[in-house]
Amino acid sequence: ILCRRMAGSNGASTLSNGDNGSVRFPLSPSSSLVIQKGDITEWSVDGSTDAIVNPANERMLGGGGADGAIHAAAGRELVQACYAVPEVRPGVRCPTGEARITPGFRLPASHVVHTVGPIYYSNSNPAASLASAYRNSLRVAKEKNIQYIAFPAISCGVYGYPYDEAATVAISVIKELGNDFKEVHFVLFSSDIYDVWVNKANDLLKD
Ligand code: AR6
């Protein structure tokens with residue numbers, strides 16, 4: 001790992017490397033941010049109070065990228081549960097920036113939070129929409145007493161969000177609201193996004 005920061009005022013390390021290439025940043029005495037590489041469909045902490053976040057689209061019935069992988073791993077029951085989510089207008093179950101929660105079915109995690117990030121080049125205020133997607137994901141998870149939640153890099157695939165700008169939004173929201181959870185994870189599929197996230201967390205979570 002690029003940077004290891006030592007010694008907060010209490011002498012404790014504020015950043016540590018896990019065994020599996022994960023990096024942990026304390027958010028409060030009882031809460032931390034964990035950044036790791038990996039496949040979010042395999043992630044779970046305890047299988048009962050954990051949730052993965054699905055970077056979905058407004059129809060909320062599956063798609064490509066992480067959404068496709070999550071639906072494939074969860075099984076058909078997930079798309080059935082998504083159909084049961086009421087439309088707010090024709091074809092829209094989850095407007096951009098909002099979030100909905102379903103069970104995880106065959107996934108190791110107990111729940112799936114479906115959220116819709118902005119399409120970077122067609123959204124008039126992508127930073128506000130992306131922050132809203134993160135905040136609303138945390139809110140619906142908290143309502144179900146989720147203690148552990150894992151995010152992918154929302155909007156950083158098909159939706160074209162630049163990694164560094166997305167990391168600023170993602171880490172800022174976790175800094176603000178993440179201490180409602182025991183652990184907030186980012187499970188990142190690619191090394192370049194992982195490096196951007198770790199550097200941004202080092203910048204924004206300094207003492
Ligand atoms: N685990 C973790 N991250 C993943 C995985 C995985 N299994 N698979 C892909 N990623 P994207 P978006 C990363 O395109 O940009 C879908 O079709 C990927 O490398 O999944 O929000 C939806 O239905 C990238 O860094 O989501 C929507 O239509 C990040 O997850 C649209 O794409 C997000 O990429 C949403 O686009």
# chains A, B, ... in the order shown; residues from 1 in each chain; ligands from 1
>>> closest_atom_pairs(of="chain A", to="ligand 1", cutoff="7 Å", atoms="only C-alpha atoms and all ligand atoms", output="tab-separated table")
residue	atom	partner	partner_atom_place_in_ligand_line	distance
A:Gly38	CA	ligand 1	2 (C)	6.1
A:Asp39	CA	ligand 1	1 (N)	3.6
A:Ile40	CA	ligand 1	1 (N)	3.8
A:Thr41	CA	ligand 1	7 (N)	5.5
A:Pro55	CA	ligand 1	21 (O)	4.5
A:Ala56	CA	ligand 1	22 (C)	4.3
A:Asn57	CA	ligand 1	27 (C)	4.3
A:Gly62	CA	ligand 1	23 (O)	5.3
A:Gly63	CA	ligand 1	23 (O)	3.4
A:Gly64	CA	ligand 1	17 (O)	3.5
A:Gly65	CA	ligand 1	20 (O)	3.5
A:Ala66	CA	ligand 1	8 (N)	3.5
A:Asp67	CA	ligand 1	23 (O)	5.2
A:Gly68	CA	ligand 1	17 (O)	6.7
A:Ala69	CA	ligand 1	7 (N)	5.5
A:Ile70	CA	ligand 1	7 (N)	6.9
A:Val116	CA	ligand 1	21 (O)	6.7
A:Gly117	CA	ligand 1	21 (O)	5.5
A:Pro152	CA	ligand 1	3 (N)	4.9
A:Ala153	CA	ligand 1	29 (C)	4.6
A:Ile154	CA	ligand 1	21 (O)	4.4
A:Ser155	CA	ligand 1	21 (O)	3.2
A:Cys156	CA	ligand 1	15 (O)	4.3
A:Gly157	CA	ligand 1	34 (O)	3.3
A:Val158	CA	ligand 1	14 (O)	3.9
A:Tyr159	CA	ligand 1	15 (O)	3.8
A:Gly160	CA	ligand 1	15 (O)	6.0
A:Val187	CA	ligand 1	2 (C)	5.6
A:Leu188	CA	ligand 1	3 (N)	5.0
A:Phe189	CA	ligand 1	3 (N)	4.3
A:Ser190	CA	ligand 1	19 (O)	6.2
A:Ile193	CA	ligand 1	25 (O)	6.9
>>> residues_around(residues="Ser191 in chain A", least_positions_apart="3", cutoff="12 Å", atoms="only C-alpha atoms", output="number ranges by chain")
A: 1, 21-22, 35-38, 163, 187-188, 194-198
>>> write_last_selection(atoms="N, CA and C atoms", output="tab-separated table (two decimals), in the first residue's frame")
chain	number	residue	atom	x	y	z
A	1	ILE	N	0.85	-1.20	0.00
A	1	ILE	CA	0.00	0.00	0.00
A	1	ILE	C	0.88	1.24	0.00
A	21	GLY	N	-5.09	-7.25	1.22
A	21	GLY	CA	-5.05	-6.05	0.41
A	21	GLY	C	-6.14	-5.08	0.76
A	22	SER	N	-6.67	-5.14	1.95
A	22	SER	CA	-7.66	-4.15	2.35
A	22	SER	C	-6.98	-3.11	3.24
A	35	ILE	N	-11.42	-0.32	2.59
A	35	ILE	CA	-11.32	-0.26	1.13
A	35	ILE	C	-10.58	-1.51	0.67
A	36	GLN	N	-11.19	-2.23	-0.26
A	36	GLN	CA	-10.57	-3.48	-0.71
A	36	GLN	C	-10.87	-3.70	-2.19
A	37	LYS	N	-10.02	-4.51	-2.82
A	37	LYS	CA	-10.30	-4.97	-4.18
A	37	LYS	C	-11.16	-6.21	-4.09
A	38	GLY	N	-11.99	-6.45	-5.11
A	38	GLY	CA	-12.73	-7.70	-5.11
A	38	GLY	C	-14.03	-7.63	-5.87
A	163	TYR	N	-13.03	8.86	-12.06
A	163	TYR	CA	-12.77	8.16	-10.79
A	163	TYR	C	-12.44	9.12	-9.65
A	187	VAL	N	-15.84	-2.18	-2.16
A	187	VAL	CA	-15.30	-3.38	-2.81
A	187	VAL	C	-15.13	-3.03	-4.28
A	188	LEU	N	-13.88	-2.87	-4.68
A	188	LEU	CA	-13.57	-2.26	-5.98
A	188	LEU	C	-12.95	-3.29	-6.90
A	194	TYR	N	-9.21	1.23	-7.11
A	194	TYR	CA	-8.78	0.99	-5.72
A	194	TYR	C	-7.71	2.01	-5.31
A	195	ASP	N	-6.72	2.24	-6.16
A	195	ASP	CA	-5.65	3.19	-5.82
A	195	ASP	C	-6.20	4.61	-5.65
A	196	VAL	N	-7.11	5.02	-6.53
A	196	VAL	CA	-7.73	6.35	-6.41
A	196	VAL	C	-8.47	6.46	-5.08
A	197	TRP	N	-9.21	5.43	-4.72
A	197	TRP	CA	-10.01	5.46	-3.47
A	197	TRP	C	-9.10	5.54	-2.23
A	198	VAL	N	-8.04	4.76	-2.24
A	198	VAL	CA	-7.15	4.76	-1.07
A	198	VAL	C	-6.47	6.12	-0.92
>>> closest_residue(among="A:Arg139, A:Leu27, A:Tyr134, A:Leu33", to="Val184 in chain A", atoms="only C-alpha atoms")
A:Leu33
>>> residues_around(residues="Leu61 in chain A", least_positions_apart="6", cutoff="10 Å", atoms="only C-alpha atoms", output="list of chain:residue names")
A:Asp67, A:Gly68, A:His71, A:Leu78, A:Val79, A:Gln80, A:Ala81, A:Cys82, A:Tyr83, A:Val85, A:Gly91, A:Val92, A:Arg93
>>> residues_around(residues="Thr168 in chain A", least_positions_apart="5", cutoff="10 Å", atoms="only C-alpha atoms", output="ChimeraX atom specification")
/A:127,131,163,173,196-197,200-201,203-204
>>> select_by_dssp(residues="chain A", states="helix (DSSP H, G or I)", output="PyMOL selection string")
chain A and resi 40-42+65-74+76-83+126-143+163-180+191-204
>>> select_by_dssp(residues="range 98-207 of chain A", states="strand (DSSP E or B)", output="MDAnalysis selection string")
chainID A and resid 99:103 111:115 148:151 183:188
>>> residues_around(residues="Arg89 in chain A", least_positions_apart="5", cutoff="10 Å", atoms="only C-alpha atoms", output="list in words")
Arg59, Cys94 and Pro95 of chain A
>>> write_last_selection(atoms="N, CA and C atoms", output="short mmCIF file (atom, residue, chain, number, x, y, z; two decimals), in the first residue's frame")
data_model
loop_
_atom_site.label_atom_id
_atom_site.label_comp_id
_atom_site.auth_asym_id
_atom_site.auth_seq_id
_atom_site.Cartn_x
_atom_site.Cartn_y
_atom_site.Cartn_z
N ARG A 59 -35.09 1.63 -13.98
CA ARG A 59 -36.10 0.55 -14.08
C ARG A 59 -35.96 -0.44 -12.94
N CYS A 94 -36.80 3.40 -9.25
CA CYS A 94 -35.85 4.10 -8.38
C CYS A 94 -35.25 5.27 -9.15
N PRO A 95 -35.75 6.47 -8.91
CA PRO A 95 -35.19 7.63 -9.63
C PRO A 95 -33.71 7.84 -9.28
#
>>> closest_residue(among="A:Trp43, A:Leu130, A:Gln147, A:Asp164", to="Glu183 in chain A", atoms="only C-alpha atoms")
A:Gln147
>>> atom_distance(atom1="CA of Val88 in chain A", atom2="CA of Ala72 in chain A")
25.5 Å
>>> residues_around(residues="Ala150 in chain A", least_positions_apart="2", cutoff="6 Å", atoms="only C-alpha atoms", output="number ranges by chain")
A: 52, 184-186
